[in-house]
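Read through the structure below, which is laid out as structure tokens, and then see the notes.
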Amino acid sequence: MLTEPLAEAIAEAEKLVEAAPHIRSEQDLLEGYQYLAGGILATVHAAWATEKTHPTFIQGTGPYMKMGLDNPDTLYFGARINGDAEYVVTGRRGTTADLSFQVLSGNYTNANVPGSVTAFDDRELHIEDDGSFVVTFGPGPADGRTNHFTLAPDSSQLVVREVYSDWSQQRGTIRIDRVDRIGVPGDALTKEETEKRYARAGKALVSRVKTWLQFPEWFYLKLPVNTMTEPRLTPGGLATQFSSVGHYELTDDQAMIITVPKSDAPYQGFQLGSLWYISLDYTGHQTSLNNAQAQADPDGMIRMVVSERNPGVTNWIETVGHPRGYLQFRWQRTSREFTPADGPTVEVVNLDEVASKLPFHEQNKITSEDWTARIAARQAAVANRMLG
């Protein structure tokens, strides 16, 4: 059977999910099966929608294909490339907070973080007044060419991130062509190629599950619980991103108050993640906030309350039945080094202490009607931005 490699890989991935060390409840396991379904969708799609001879940008993670602590504020696009070929990327800049490009060598695995060949944001590009741009990537030097970036021999992926603060901002467009294949049809499908694609999907699925179960061990779980790191350049080579990370464990009667300065960076975002290393439900719940969404206090600080039960404040971050999980700040499109003073402070208190711990509590309170309106706005924005 042509599909046998994929079927075997799905069975192997299911066993990996069922054996995950963090599982403590039926909800943990059911979310693992949901996570597995997203991985199957993503890897089968990638195996059939991407070709090195005729590359296209596809979304490898999204609301239903989550991985790698996906950022609710980001649309991710990736294309397979070769270091010895020439590519042209054309598009139109949207009105988002950031647009960044990264060339990777290799792939994420449970033993390796891929190298970053080059990484930059659109400040390094010449963009026309109407927002259009043309960027070239290839093995040769720029030799005076505008918007040209040299590929290393082992370049394997081109990743583009479109990052939103205001979720209602306008999406851009982007397309990639391999220069020597423009106007040339793709090869006819063969039995051998079909077998390869099913096998590729299966291999990618198992690797995806293994990788993102291992990744937090490197960067999160060795940290003291209920703390966050100082801002640091994000591992993986994103040129304009600093991050602060941690993991939490709270009871239903506890709350974590996170205080952070409202940044001068164009993008500042915070989110929770489950122990599957994926975002929590950010559509029907407020499990993330960025600098356009969060309420800032008169002293210039943003104070967020992470808890299961509703503390009645605008900056409530819902744990939605997850007593344990990951904490992540990102600052992007930065133009300076970030210091500990730019980062968060964390305090765990009893839920009934929250009001006394917030110096501007009266201004922080929110009515149930206004909260419902905030959730409705999130639902509409995700449908318009991510699914349309």
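If you're wondering about the labels, chains in the structure tokens are A, B, ... by order shown, residues count from 1 in each chain, ligands from 1 in order shown.
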Report the closest atom pair, with its distance in Å rounded to one decimal, for each residue of stretch 164-269 of chain A that has an atom no farther than 9 Å from stretch 276-283 of chain A; count only C-alpha atoms, sort by chain and then rising residue number, and write it as JSON lines.
{"residue": "A:Trp212", "atom": "CA", "partner": "A:Tyr277", "partner_atom": "CA", "distance": 6.4}
{"residue": "A:Leu213", "atom": "CA", "partner": "A:Trp276", "partner_atom": "CA", "distance": 6.7}
{"residue": "A:Phe215", "atom": "CA", "partner": "A:Tyr277", "partner_atom": "CA", "distance": 8.3}
{"residue": "A:Pro216", "atom": "CA", "partner": "A:Tyr277", "partner_atom": "CA", "distance": 7.2}
Write out as a ChimeraX atom specification each polymer residue whose atoms come within 12 Å of A:Glu362, counting only C-alpha atoms; drop sequence neighbours fewer than 5 positions from it. /A:297,312-314,354-357,367
Could you please take those selected residues and save all heavy atoms as a PDB file, in the first residue's frame?
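Writing the result to selection-v1.pdb gives the following:
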ATOM      1  N   ASP A 297      -1.141  50.943  32.401  1.00  0.00           N
ATOM      2  CA  ASP A 297      -1.463  51.796  33.542  1.00  0.00           C
ATOM      3  C   ASP A 297      -0.841  53.182  33.379  1.00  0.00           C
ATOM      4  O   ASP A 297       0.060  53.376  32.549  1.00  0.00           O
ATOM      5  CB  ASP A 297      -0.959  51.139  34.834  1.00  0.00           C
ATOM      6  CG  ASP A 297      -1.843  49.969  35.263  1.00  0.00           C
ATOM      7  OD1 ASP A 297      -3.052  49.999  34.944  1.00  0.00           O
ATOM      8  OD2 ASP A 297      -1.323  49.042  35.911  1.00  0.00           O
ATOM      9  N   GLY A 312     -11.671  39.757  37.129  1.00  0.00           N
ATOM     10  CA  GLY A 312     -12.466  40.945  36.813  1.00  0.00           C
ATOM     11  C   GLY A 312     -11.662  42.115  36.293  1.00  0.00           C
ATOM     12  O   GLY A 312     -12.103  43.261  36.406  1.00  0.00           O
ATOM     13  N   VAL A 313     -10.490  41.848  35.705  1.00  0.00           N
ATOM     14  CA  VAL A 313      -9.661  42.931  35.167  1.00  0.00           C
ATOM     15  C   VAL A 313      -9.489  42.750  33.659  1.00  0.00           C
ATOM     16  O   VAL A 313      -9.575  41.641  33.128  1.00  0.00           O
ATOM     17  CB  VAL A 313      -8.286  42.992  35.868  1.00  0.00           C
ATOM     18  CG1 VAL A 313      -8.461  43.278  37.352  1.00  0.00           C
ATOM     19  CG2 VAL A 313      -7.496  41.714  35.641  1.00  0.00           C
ATOM     20  N   THR A 314      -9.224  43.880  32.993  1.00  0.00           N
ATOM     21  CA  THR A 314      -9.116  43.877  31.535  1.00  0.00           C
ATOM     22  C   THR A 314      -7.982  42.985  31.053  1.00  0.00           C
ATOM     23  O   THR A 314      -8.115  42.286  30.048  1.00  0.00           O
ATOM     24  CB  THR A 314      -8.907  45.315  31.029  1.00  0.00           C
ATOM     25  OG1 THR A 314     -10.024  46.106  31.416  1.00  0.00           O
ATOM     26  CG2 THR A 314      -8.765  45.360  29.524  1.00  0.00           C
ATOM     27  N   VAL A 354      -5.524  39.914  44.541  1.00  0.00           N
ATOM     28  CA  VAL A 354      -5.196  40.587  43.284  1.00  0.00           C
ATOM     29  C   VAL A 354      -5.508  42.075  43.353  1.00  0.00           C
ATOM     30  O   VAL A 354      -4.697  42.929  42.971  1.00  0.00           O
ATOM     31  CB  VAL A 354      -5.935  39.924  42.105  1.00  0.00           C
ATOM     32  CG1 VAL A 354      -5.869  40.803  40.857  1.00  0.00           C
ATOM     33  CG2 VAL A 354      -5.337  38.555  41.811  1.00  0.00           C
ATOM     34  N   ALA A 355      -6.700  42.417  43.843  1.00  0.00           N
ATOM     35  CA  ALA A 355      -7.103  43.835  43.863  1.00  0.00           C
ATOM     36  C   ALA A 355      -6.108  44.679  44.651  1.00  0.00           C
ATOM     37  O   ALA A 355      -5.738  45.784  44.217  1.00  0.00           O
ATOM     38  CB  ALA A 355      -8.507  43.971  44.449  1.00  0.00           C
ATOM     39  N   SER A 356      -5.644  44.178  45.787  1.00  0.00           N
ATOM     40  CA  SER A 356      -4.727  44.956  46.627  1.00  0.00           C
ATOM     41  C   SER A 356      -3.326  45.026  46.030  1.00  0.00           C
ATOM     42  O   SER A 356      -2.542  45.913  46.381  1.00  0.00           O
ATOM     43  CB  SER A 356      -4.655  44.345  48.032  1.00  0.00           C
ATOM     44  OG  SER A 356      -4.090  43.031  47.990  1.00  0.00           O
ATOM     45  N   LYS A 357      -3.009  44.119  45.101  1.00  0.00           N
ATOM     46  CA  LYS A 357      -1.679  44.092  44.493  1.00  0.00           C
ATOM     47  C   LYS A 357      -1.594  44.952  43.229  1.00  0.00           C
ATOM     48  O   LYS A 357      -0.491  45.198  42.736  1.00  0.00           O
ATOM     49  CB  LYS A 357      -1.294  42.646  44.149  1.00  0.00           C
ATOM     50  CG  LYS A 357      -1.122  41.726  45.344  1.00  0.00           C
ATOM     51  CD  LYS A 357       0.132  42.069  46.131  1.00  0.00           C
ATOM     52  CE  LYS A 357       0.379  41.066  47.243  1.00  0.00           C
ATOM     53  NZ  LYS A 357       1.647  41.347  47.974  1.00  0.00           N
ATOM     54  N   THR A 367     -16.346  45.249  32.895  1.00  0.00           N
ATOM     55  CA  THR A 367     -17.673  44.664  33.047  1.00  0.00           C
ATOM     56  C   THR A 367     -17.777  43.391  32.217  1.00  0.00           C
ATOM     57  O   THR A 367     -17.006  43.169  31.274  1.00  0.00           O
ATOM     58  CB  THR A 367     -18.765  45.638  32.598  1.00  0.00           C
ATOM     59  OG1 THR A 367     -18.637  45.856  31.175  1.00  0.00           O
ATOM     60  CG2 THR A 367     -18.643  46.967  33.327  1.00  0.00           C
TER      61      THR A 367
END
Go through A:Thr43, A:Ser368, A:Thr229, A:Asn290 and flag the residue nearest A:Ala9, using only C-alpha atoms for the distances. A:Thr43
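With atom CA of A:Gly131 on one side and atom CA of A:Gln268 on the other, the separation reads 23.5 Å.
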Given the choices A:His148, A:Arg175, A:Arg232, A:Arg208, which gets closest to A:Val89 if the distance is worked out from only C-alpha atoms? A:Arg175
Do a neighbour search on stretch 332-341 of chain A at 10 Å with only C-alpha atoms, toss out local chain neighbours closer than 4 positions, and write the hits as a PyMOL selection string. chain A and resi 97-100+120-123+163+229-233+238-244+260-261+263-269+345
Include N, CA, C and O atoms and write out the residues we just selected as a CSV table (one decimal), in the first residue's frame.
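Final file, out_14.csv:
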chain,number,residue,atom,x,y,z
A,97,ALA,N,2.6,45.1,12.1
A,97,ALA,CA,3.6,45.7,12.9
A,97,ALA,C,5.0,45.3,12.4
A,97,ALA,O,6.0,46.0,12.5
A,98,ASP,N,5.2,44.1,11.8
A,98,ASP,CA,6.5,43.6,11.4
A,98,ASP,C,6.3,42.6,10.3
A,98,ASP,O,5.3,41.9,10.1
A,99,LEU,N,7.3,42.5,9.4
A,99,LEU,CA,7.4,41.5,8.3
A,99,LEU,C,8.9,41.1,8.3
A,99,LEU,O,9.8,41.9,8.1
A,100,SER,N,9.1,39.8,8.6
A,100,SER,CA,10.5,39.4,8.7
A,100,SER,C,10.8,38.2,7.8
A,100,SER,O,9.9,37.4,7.5
A,120,PHE,N,16.4,39.0,8.6
A,120,PHE,CA,16.2,40.4,8.6
A,120,PHE,C,14.8,40.8,8.5
A,120,PHE,O,13.9,39.9,8.3
A,121,ASP,N,14.4,42.0,8.8
A,121,ASP,CA,13.1,42.5,8.6
A,121,ASP,C,13.0,43.5,7.4
A,121,ASP,O,14.0,43.8,6.8
A,122,ASP,N,11.8,43.9,7.1
A,122,ASP,CA,11.6,44.7,5.9
A,122,ASP,C,12.3,46.1,6.0
A,122,ASP,O,12.3,46.8,4.9
A,123,ARG,N,12.8,46.5,7.1
A,123,ARG,CA,13.6,47.7,7.1
A,123,ARG,C,14.8,47.6,6.3
A,123,ARG,O,15.4,48.6,5.9
A,163,VAL,N,3.7,39.8,11.4
A,163,VAL,CA,3.4,39.9,12.8
A,163,VAL,C,2.4,41.1,13.1
A,163,VAL,O,2.7,42.3,12.6
A,229,THR,N,12.6,34.7,32.4
A,229,THR,CA,14.0,35.1,32.2
A,229,THR,C,14.1,36.6,31.8
A,229,THR,O,13.1,37.2,31.5
A,230,GLU,N,15.3,37.2,31.9
A,230,GLU,CA,15.5,38.5,31.4
A,230,GLU,C,15.4,38.4,29.9
A,230,GLU,O,15.5,37.4,29.2
A,231,PRO,N,15.0,39.6,29.2
A,231,PRO,CA,15.0,39.6,27.7
A,231,PRO,C,16.3,39.1,27.1
A,231,PRO,O,17.4,39.5,27.6
A,232,ARG,N,16.2,38.3,26.1
A,232,ARG,CA,17.4,37.8,25.4
A,232,ARG,C,17.1,37.6,24.0
A,232,ARG,O,15.9,37.5,23.6
A,233,LEU,N,18.1,37.6,23.1
A,233,LEU,CA,17.9,37.3,21.7
A,233,LEU,C,17.3,35.9,21.6
A,233,LEU,O,17.8,35.0,22.2
A,238,LEU,N,16.4,34.8,14.9
A,238,LEU,CA,15.5,35.9,14.5
A,238,LEU,C,16.3,37.2,14.9
A,238,LEU,O,16.5,37.5,16.0
A,239,ALA,N,16.5,38.0,13.8
A,239,ALA,CA,17.5,39.1,14.0
A,239,ALA,C,16.9,40.3,14.8
A,239,ALA,O,17.6,41.0,15.5
A,240,THR,N,15.6,40.4,14.9
A,240,THR,CA,15.0,41.6,15.5
A,240,THR,C,14.1,41.2,16.7
A,240,THR,O,13.3,42.0,17.1
A,241,GLN,N,14.3,40.0,17.2
A,241,GLN,CA,13.4,39.6,18.3
A,241,GLN,C,14.1,39.3,19.6
A,241,GLN,O,15.1,38.5,19.6
A,242,PHE,N,13.7,39.9,20.7
A,242,PHE,CA,14.1,39.5,22.0
A,242,PHE,C,12.9,38.7,22.7
A,242,PHE,O,11.7,39.0,22.3
A,243,SER,N,13.2,37.9,23.6
A,243,SER,CA,12.1,37.1,24.2
A,243,SER,C,12.5,36.9,25.7
A,243,SER,O,13.6,37.0,26.1
A,244,SER,N,11.4,36.6,26.5
A,244,SER,CA,11.5,36.2,27.9
A,244,SER,C,10.6,35.1,28.1
A,244,SER,O,9.4,35.1,27.6
A,260,VAL,N,5.2,44.5,33.3
A,260,VAL,CA,6.3,44.7,32.3
A,260,VAL,C,6.1,46.2,31.8
A,260,VAL,O,4.9,46.6,31.6
A,261,PRO,N,7.2,46.9,31.5
A,261,PRO,CA,7.0,48.2,30.9
A,261,PRO,C,6.4,48.1,29.5
A,261,PRO,O,6.7,47.2,28.7
A,263,SER,N,6.6,48.7,25.9
A,263,SER,CA,7.9,48.9,25.2
A,263,SER,C,7.8,49.9,24.1
A,263,SER,O,6.7,50.3,23.6
A,264,ASP,N,9.0,50.4,23.8
A,264,ASP,CA,9.1,51.3,22.6
A,264,ASP,C,9.2,50.5,21.3
A,264,ASP,O,9.3,51.0,20.2
A,265,ALA,N,9.3,49.1,21.4
A,265,ALA,CA,9.4,48.3,20.2
A,265,ALA,C,8.0,48.3,19.5
A,265,ALA,O,7.0,48.3,20.2
A,266,PRO,N,8.0,48.3,18.2
A,266,PRO,CA,6.7,48.3,17.5
A,266,PRO,C,5.8,47.1,17.9
A,266,PRO,O,4.6,47.2,17.8
A,267,TYR,N,6.4,45.9,18.2
A,267,TYR,CA,5.6,44.8,18.6
A,267,TYR,C,6.1,44.3,20.0
A,267,TYR,O,7.3,44.0,20.2
A,268,GLN,N,5.2,44.1,20.9
A,268,GLN,CA,5.4,43.4,22.2
A,268,GLN,C,4.2,42.5,22.5
A,268,GLN,O,3.1,43.0,22.5
A,269,GLY,N,4.5,41.2,22.6
A,269,GLY,CA,3.4,40.3,22.8
A,269,GLY,C,3.7,39.3,23.9
A,269,GLY,O,4.8,38.9,24.2
A,345,THR,N,8.5,41.3,35.7
A,345,THR,CA,8.6,40.8,37.0
A,345,THR,C,7.3,40.0,37.3
A,345,THR,O,6.3,40.3,36.8
Excluding A:Gly91 and any residue of its chain fewer than 3 positions from it, enumerate the residues within 12 Å of it, using only C-alpha atoms, and give them as number ranges by chain. A: 57, 88, 94, 99, 122, 125, 127-128, 130-136, 160, 171-177
Write down as JSON, numbers by chain the residues of stretch 109-300 of chain A whose backbone DSSP state falls under strand (DSSP E or B). {"A": [109, 112, 115, 116, 117, 118, 119, 120, 121, 132, 133, 134, 135, 136, 137, 138, 148, 149, 150, 155, 156, 157, 158, 159, 160, 161, 162, 163, 173, 174, 175, 176, 177, 178, 227, 228, 232, 233, 242, 243, 244, 245, 246, 247, 248, 249, 254, 255, 256, 257, 258, 259, 260, 261, 267, 268, 269, 270, 271, 272, 273, 279, 288, 289, 290, 296]}
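We find atom CA of A:Asn310 and atom CA of A:Leu351 to be spaced 9.0 Å apart.
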Counting only C-alpha atoms, which residue out of A:Gln295, A:Ser307, A:Gln214, A:Thr96 sits closest to A:Lys365? A:Gln295
Going by DSSP on the backbone, which bits of stretch 123-219 of chain A are helix (DSSP H, G or I)? Write them as a ChimeraX atom specification, please. /A:123-124,179-181,191-219
Please produce a file of the residues just selected, as a tab-separated table (two decimals), in the first residue's frame, where the atoms kept are N, CA, C and O atoms.
chain	number	residue	atom	x	y	z
A	123	ARG	N	12.84	46.46	7.09
A	123	ARG	CA	13.60	47.70	7.12
A	123	ARG	C	14.84	47.61	6.25
A	123	ARG	O	15.40	48.64	5.86
A	124	GLU	N	15.30	46.38	5.94
A	124	GLU	CA	16.46	46.20	5.09
A	124	GLU	C	16.10	46.13	3.61
A	124	GLU	O	16.98	45.92	2.77
A	179	VAL	N	13.76	30.86	-10.26
A	179	VAL	CA	13.95	31.59	-11.51
A	179	VAL	C	14.03	30.65	-12.71
A	179	VAL	O	13.43	30.92	-13.76
A	180	ASP	N	14.75	29.54	-12.57
A	180	ASP	CA	14.92	28.66	-13.73
A	180	ASP	C	13.72	27.78	-14.00
A	180	ASP	O	13.74	26.94	-14.91
A	181	ARG	N	12.64	27.94	-13.22
A	181	ARG	CA	11.43	27.15	-13.45
A	181	ARG	C	10.21	28.02	-13.78
A	181	ARG	O	9.11	27.50	-13.92
A	191	LYS	N	4.56	6.87	-9.64
A	191	LYS	CA	4.33	6.02	-8.47
A	191	LYS	C	5.43	6.22	-7.45
A	191	LYS	O	5.17	6.31	-6.24
A	192	GLU	N	6.67	6.31	-7.94
A	192	GLU	CA	7.80	6.49	-7.02
A	192	GLU	C	7.70	7.80	-6.26
A	192	GLU	O	7.95	7.85	-5.04
A	193	GLU	N	7.31	8.86	-6.96
A	193	GLU	CA	7.17	10.15	-6.31
A	193	GLU	C	6.02	10.14	-5.31
A	193	GLU	O	6.11	10.74	-4.23
A	194	THR	N	4.95	9.46	-5.65
A	194	THR	CA	3.81	9.35	-4.73
A	194	THR	C	4.23	8.65	-3.45
A	194	THR	O	3.89	9.08	-2.34
A	195	GLU	N	4.96	7.55	-3.59
A	195	GLU	CA	5.46	6.83	-2.42
A	195	GLU	C	6.34	7.73	-1.56
A	195	GLU	O	6.24	7.73	-0.32
A	196	LYS	N	7.21	8.49	-2.22
A	196	LYS	CA	8.12	9.38	-1.49
A	196	LYS	C	7.34	10.41	-0.68
A	196	LYS	O	7.70	10.73	0.45
A	197	ARG	N	6.27	10.92	-1.27
A	197	ARG	CA	5.53	11.97	-0.57
A	197	ARG	C	4.81	11.44	0.66
A	197	ARG	O	4.79	12.09	1.71
A	198	TYR	N	4.21	10.27	0.55
A	198	TYR	CA	3.58	9.68	1.74
A	198	TYR	C	4.63	9.39	2.81
A	198	TYR	O	4.41	9.62	4.01
A	199	ALA	N	5.78	8.87	2.38
A	199	ALA	CA	6.85	8.58	3.34
A	199	ALA	C	7.38	9.86	3.96
A	199	ALA	O	7.68	9.90	5.17
A	200	ARG	N	7.52	10.92	3.14
A	200	ARG	CA	7.99	12.20	3.65
A	200	ARG	C	7.04	12.75	4.71
A	200	ARG	O	7.47	13.26	5.75
A	201	ALA	N	5.74	12.64	4.45
A	201	ALA	CA	4.76	13.13	5.42
A	201	ALA	C	4.88	12.37	6.73
A	201	ALA	O	4.83	12.95	7.82
A	202	GLY	N	5.02	11.03	6.64
A	202	GLY	CA	5.13	10.23	7.86
A	202	GLY	C	6.37	10.55	8.66
A	202	GLY	O	6.32	10.71	9.89
A	203	LYS	N	7.51	10.67	7.97
A	203	LYS	CA	8.76	11.01	8.66
A	203	LYS	C	8.65	12.38	9.32
A	203	LYS	O	9.10	12.57	10.46
A	204	ALA	N	8.06	13.34	8.62
A	204	ALA	CA	7.92	14.68	9.17
A	204	ALA	C	7.01	14.70	10.39
A	204	ALA	O	7.23	15.45	11.35
A	205	LEU	N	5.96	13.88	10.37
A	205	LEU	CA	5.03	13.85	11.50
A	205	LEU	C	5.73	13.36	12.77
A	205	LEU	O	5.61	13.97	13.84
A	206	VAL	N	6.44	12.25	12.67
A	206	VAL	CA	7.14	11.70	13.86
A	206	VAL	C	8.18	12.70	14.35
A	206	VAL	O	8.30	12.94	15.57
A	207	SER	N	8.92	13.29	13.44
A	207	SER	CA	9.93	14.28	13.83
A	207	SER	C	9.28	15.48	14.50
A	207	SER	O	9.81	16.01	15.50
A	208	ARG	N	8.15	15.92	13.99
A	208	ARG	CA	7.44	17.08	14.55
A	208	ARG	C	7.04	16.82	15.99
A	208	ARG	O	7.25	17.66	16.87
A	209	VAL	N	6.48	15.64	16.28
A	209	VAL	CA	6.06	15.32	17.64
A	209	VAL	C	7.28	15.22	18.56
A	209	VAL	O	7.30	15.79	19.67
A	210	LYS	N	8.32	14.51	18.12
A	210	LYS	CA	9.52	14.36	18.95
A	210	LYS	C	10.18	15.71	19.23
A	210	LYS	O	10.59	16.00	20.36
A	211	THR	N	10.28	16.53	18.19
A	211	THR	CA	10.99	17.80	18.31
A	211	THR	C	10.36	18.69	19.35
A	211	THR	O	11.04	19.22	20.26
A	212	TRP	N	9.05	18.91	19.25
A	212	TRP	CA	8.42	19.92	20.10
A	212	TRP	C	8.09	19.40	21.49
A	212	TRP	O	7.71	20.19	22.36
A	213	LEU	N	8.26	18.09	21.72
A	213	LEU	CA	8.25	17.60	23.10
A	213	LEU	C	9.61	17.83	23.75
A	213	LEU	O	9.70	18.02	24.97
A	214	GLN	N	10.67	17.82	22.94
A	214	GLN	CA	12.03	18.00	23.47
A	214	GLN	C	12.39	19.46	23.65
A	214	GLN	O	13.11	19.83	24.59
A	215	PHE	N	11.92	20.32	22.76
A	215	PHE	CA	12.35	21.72	22.73
A	215	PHE	C	12.20	22.42	24.08
A	215	PHE	O	13.13	23.11	24.52
A	216	PRO	N	11.06	22.29	24.79
A	216	PRO	CA	10.94	22.98	26.08
A	216	PRO	C	11.95	22.51	27.12
A	216	PRO	O	12.29	23.26	28.04
A	217	GLU	N	12.42	21.27	26.99
A	217	GLU	CA	13.44	20.79	27.93
A	217	GLU	C	14.70	21.63	27.82
A	217	GLU	O	15.40	21.85	28.81
A	218	TRP	N	15.00	22.10	26.63
A	218	TRP	CA	16.21	22.90	26.42
A	218	TRP	C	16.05	24.32	26.95
A	218	TRP	O	16.98	24.88	27.53
A	219	PHE	N	14.88	24.92	26.74
A	219	PHE	CA	14.75	26.37	26.92
A	219	PHE	C	13.78	26.81	28.02
A	219	PHE	O	13.75	27.99	28.34
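Proximity to A:Gly246 was assessed for A:Leu221, A:Ile40, A:Leu289, A:Ala373 counting only C-alpha atoms; the smallest distance is recorded for A:Leu221.
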By how many Å are atom CA of A:Gln379 and atom CA of A:Glu308 apart? 20.3 Å
